[in-house]
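Asks: Can you read through this structure? Questions will come right after.
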Amino acid sequence: MTETPLITDAPHRRFNPLKGEWVLVSPHRNKRPWQGKTEEPTVSDLPVHDPACYLCAGNARNSGATNPNYKGPYVFDNDFPALMVDGEGGTSDDPLFRAENVRGTARVMCFSERHNATLPELSAPELRKVVDFWAAQVSHLGEDWNWVAVFENKGAVMGCSQPHPHGQIWASDFIPNEVAAEDRHQADWMARTGRNMLVDYATAESERADRIVAENDDWIVVVPWWAVWPFETLLLPRAHVLRLPDLSDTQRDSLAAILKRLTTAYDNLFQTEFPYTMGWHGAPLTDEDHSHWQLHAHFYPPLLRSATVRKFMVGYEMLAEAQRDLTAESAAQRLRGQPDEHFKTTLAKGAAE
Ligand code: H2U
Ligand code: ZN
């Protein structure tokens with residue numbers, strides 16, 4: 001196989017083999033003059049418990065149900081679920097007006113009882129509990145449903161409606177678009193090469209090193225070659241793992257550690273509670289052979305240059321294809337260079353001196 005050297009400061013397209021899509025990269029645009037100012041750190045000043053919060057322990061929710069006095073992660077059925085167990089939406093075979101009935105369920109998962117503790121502010125043991133809860137939800141819901149979506153919308157800019165740190169879990173009888181595309185592309189790759197795409201990708205990125213954000217014995221975080229969002233990352237196990245419940249005790253501990261490292265780097269980058277949508281993609285919970293699958297998490301953050309300057313997916317992105325200026329390599333370098341200590345801790349220490 002011949003490889004032409006990549007001209008990284010001239011426009012080019014990169015291919016995402018997981019989605020089967022191209023992204024246009026325009027690194028020369030970074031040479032435009034930028035007179036942006038560095039902003040002050042933004043620290044939200046939330047209480048540990050907020051009597052008005054629907055998600056805090058002991059409080060009444062919107063539906064009137066009351067949360068128990070939970071400690072650690074807590075899961076409840078979404079009071080306004082997007083999917084219903086006995087959904088009767090109907091079906092239509094008209095090729096221009098196709099529809100199919102769907103069933104499913106939706107849950108909300110508070111990461112801890114602490115109203116003001118986002119993921120990077122949880123301790124490693126607390127994060128380990130989050131990992132265990134995610135895995136248990138997938139096992140449990142996977143008994144009844146073909147796909148379980150585990151995700152977090154963080155920050156108002158990503159549409160997060162409650163300040164209390166939480167994620168969501170949606171389970172369905174259908175395989176949603178993004179997952180169906182990844183399933184198809186991983187299956188095709190295996191049929192063509194006899195190899196697992198993302199297992200090989202993790203090894204290759206670890207060797208190349210220029211897109212690595214963080215790594216440990218079991219996990220690697222990269223700004224993927226084909227990243228679309230400025231600081232998008234992909235979190236991958238080094239070993240072949242199909243789903244969250246398959247993770248060993250050691251892999252769960254090292255996952256908690258790398259989640260803390262990644263989310264801290266994100267917050268430190270612009271000294272803000274870095275918004276994103278993140279979520280887990282594991283093999284669907286259907287009976288077929290899923291050996292072409294590799295578990296992974298995507299982080300899609302919207303911020304570009306500061307706590308307030310975000311990337312918009314408009315114009316060319318909506319009408320043609322995704323485009324970025326900042327290269328994946330520079331984004332990775334900036335994230336990798338962040339200190340391990342959360343900026344709020346650093347600020348608090350400074351204030352105490
Ligand atoms: P976000 O993750 O986008 O903030 O969504 C929070 C979910 O919490 C949302 O789906 C649910 C909403 O329906 N919710 C409840 O189920 N009960 C409540 O009392 C508040 C919010
Ligand atoms: Zn709360």
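Numbering starts fresh at 1 for the residues of each chain in the structure tokens, the chains themselves are lettered A, B, ... in the order given, and ligands are numbered from 1 as they appear.
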When DSSP is applied to the backbone of this structure, which of range 238-318 of chain A are assigned helix (DSSP H, G or I)? Write them out as a ChimeraX atom specification.

Replies: /A:244-246,249-269,316-318

Asks: Counting only C-alpha atoms and all ligand atoms, which protein, DNA or RNA residues come within 7 Å of ligand 1, given as a VMD selection string?

Replies: chain A and resid 54 to 55 61 to 63 77 to 81 108 152 to 153 159 to 162 166 to 168

Asks: So, counting only C-alpha atoms and all ligand atoms, which residue among A:Thr308, A:Thr105, A:Gln294, A:Asn67 is closest to ligand 2?

Replies: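 Closest to ligand 2 of all the choices is A:Asn67.
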
Asks: From the set A:Thr118, A:Asn177, A:Asn30, A:Ser92, which residue has the shortest atom-to-atom contact distance to ligand 2, counting only C-alpha atoms and all ligand atoms?

Replies: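 Checking each candidate against ligand 2, we get A:Thr118 as the closest.
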
Asks: Sort by chain and increasing residue number a table of all residues of chain A within 10 Å of ligand 2, each with its closest pair of atoms and their distance in Å to one decimal, counting only C-alpha atoms and all ligand atoms, and write it as a tab-separated table.

Replies:
residue	atom	partner	partner_atom_place_in_ligand_line	distance
A:Leu46	CA	ligand 2	1 (Zn)	9.1
A:Pro47	CA	ligand 2	1 (Zn)	8.4
A:Val48	CA	ligand 2	1 (Zn)	7.6
A:His49	CA	ligand 2	1 (Zn)	5.7
A:Asp50	CA	ligand 2	1 (Zn)	5.3
A:Pro51	CA	ligand 2	1 (Zn)	7.6
A:Ala52	CA	ligand 2	1 (Zn)	7.7
A:Cys53	CA	ligand 2	1 (Zn)	4.5
A:Tyr54	CA	ligand 2	1 (Zn)	6.5
A:Leu55	CA	ligand 2	1 (Zn)	4.8
A:Cys56	CA	ligand 2	1 (Zn)	3.6
A:Ala57	CA	ligand 2	1 (Zn)	7.2
A:Gly58	CA	ligand 2	1 (Zn)	9.8
A:Asn59	CA	ligand 2	1 (Zn)	8.6
A:Cys110	CA	ligand 2	1 (Zn)	8.7
A:Ser112	CA	ligand 2	1 (Zn)	9.2
A:Glu113	CA	ligand 2	1 (Zn)	7.1
A:Arg114	CA	ligand 2	1 (Zn)	6.7
A:His115	CA	ligand 2	1 (Zn)	3.9
A:Asn116	CA	ligand 2	1 (Zn)	7.5
A:Ala117	CA	ligand 2	1 (Zn)	9.6
A:Gln162	CA	ligand 2	1 (Zn)	8.1
A:Pro163	CA	ligand 2	1 (Zn)	7.0
A:His164	CA	ligand 2	1 (Zn)	4.4
A:Pro165	CA	ligand 2	1 (Zn)	7.6
A:His166	CA	ligand 2	1 (Zn)	9.4

Asks: Mind checking DSSP for range 164-240 of chain A and telling me the strand (DSSP E or B) residues as JSON, numbers by chain?

Replies: {"A": [166, 167, 168, 169, 170, 171, 172, 212, 213, 214, 215, 219, 220, 221, 222, 233, 234, 235, 236, 237]}

Asks: Taking N, CA, C and O atoms for each residue, export the selection above as a CSV table (one decimal), in the first residue's frame.

Replies:
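Okay, result37.csv is ready:
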chain,number,residue,atom,x,y,z
A,166,HIS,N,-26.2,14.8,35.4
A,166,HIS,CA,-26.9,13.6,35.1
A,166,HIS,C,-26.7,13.1,33.7
A,166,HIS,O,-26.3,13.9,32.9
A,167,GLY,N,-27.0,11.9,33.4
A,167,GLY,CA,-27.0,11.4,32.1
A,167,GLY,C,-28.4,10.8,31.8
A,167,GLY,O,-29.3,10.9,32.6
A,168,GLN,N,-28.5,10.2,30.6
A,168,GLN,CA,-29.8,9.6,30.3
A,168,GLN,C,-29.5,8.2,29.7
A,168,GLN,O,-28.4,7.9,29.2
A,169,ILE,N,-30.6,7.4,29.8
A,169,ILE,CA,-30.5,6.0,29.2
A,169,ILE,C,-31.8,5.8,28.4
A,169,ILE,O,-32.9,5.9,29.0
A,170,TRP,N,-31.7,5.5,27.1
A,170,TRP,CA,-32.8,5.3,26.3
A,170,TRP,C,-32.7,3.9,25.8
A,170,TRP,O,-31.6,3.6,25.1
A,171,ALA,N,-33.7,3.0,25.9
A,171,ALA,CA,-33.6,1.7,25.4
A,171,ALA,C,-34.7,1.5,24.4
A,171,ALA,O,-35.8,2.0,24.5
A,172,SER,N,-34.4,0.8,23.3
A,172,SER,CA,-35.4,0.7,22.2
A,172,SER,C,-35.4,-0.7,21.5
A,172,SER,O,-34.4,-1.4,21.6
A,212,ILE,N,-3.1,11.5,20.4
A,212,ILE,CA,-3.5,11.0,21.8
A,212,ILE,C,-3.8,12.2,22.7
A,212,ILE,O,-3.0,13.1,22.8
A,213,VAL,N,-4.8,12.0,23.5
A,213,VAL,CA,-5.2,13.0,24.5
A,213,VAL,C,-4.7,12.4,25.9
A,213,VAL,O,-4.2,13.1,26.7
A,214,ALA,N,-5.0,11.1,26.1
A,214,ALA,CA,-4.7,10.4,27.3
A,214,ALA,C,-4.6,8.9,27.0
A,214,ALA,O,-5.4,8.5,26.1
A,215,GLU,N,-3.8,8.2,27.8
A,215,GLU,CA,-3.9,6.8,27.7
A,215,GLU,C,-3.4,6.1,29.0
A,215,GLU,O,-2.7,6.7,29.7
A,219,TRP,N,-7.0,1.8,28.2
A,219,TRP,CA,-7.8,2.7,27.5
A,219,TRP,C,-6.9,3.7,26.7
A,219,TRP,O,-5.8,4.0,27.1
A,220,ILE,N,-7.5,4.3,25.6
A,220,ILE,CA,-6.8,5.3,24.9
A,220,ILE,C,-7.9,6.4,24.5
A,220,ILE,O,-9.0,6.0,24.2
A,221,VAL,N,-7.6,7.6,24.6
A,221,VAL,CA,-8.5,8.7,24.2
A,221,VAL,C,-7.7,9.5,23.1
A,221,VAL,O,-6.6,9.9,23.3
A,222,VAL,N,-8.3,9.6,21.9
A,222,VAL,CA,-7.7,10.4,20.8
A,222,VAL,C,-8.7,11.4,20.3
A,222,VAL,O,-9.9,11.2,20.4
A,233,THR,N,-13.5,13.8,20.8
A,233,THR,CA,-12.6,12.7,21.2
A,233,THR,C,-13.4,11.3,21.1
A,233,THR,O,-14.6,11.3,21.1
A,234,LEU,N,-12.5,10.3,21.0
A,234,LEU,CA,-13.0,8.9,20.9
A,234,LEU,C,-12.3,8.2,22.0
A,234,LEU,O,-11.0,8.3,22.1
A,235,LEU,N,-13.0,7.5,22.9
A,235,LEU,CA,-12.4,6.8,24.0
A,235,LEU,C,-12.6,5.3,23.7
A,235,LEU,O,-13.7,4.8,23.4
A,236,LEU,N,-11.5,4.6,23.6
A,236,LEU,CA,-11.5,3.2,23.2
A,236,LEU,C,-10.7,2.3,24.2
A,236,LEU,O,-9.6,2.7,24.6
A,237,PRO,N,-11.2,1.1,24.4
A,237,PRO,CA,-10.4,0.1,25.1
A,237,PRO,C,-9.4,-0.5,24.2
A,237,PRO,O,-9.6,-0.5,23.0

Asks: Separation of CA of Arg13 in chain A and CA of Glu329 in chain A, in Å?

Replies: 14.5 Å
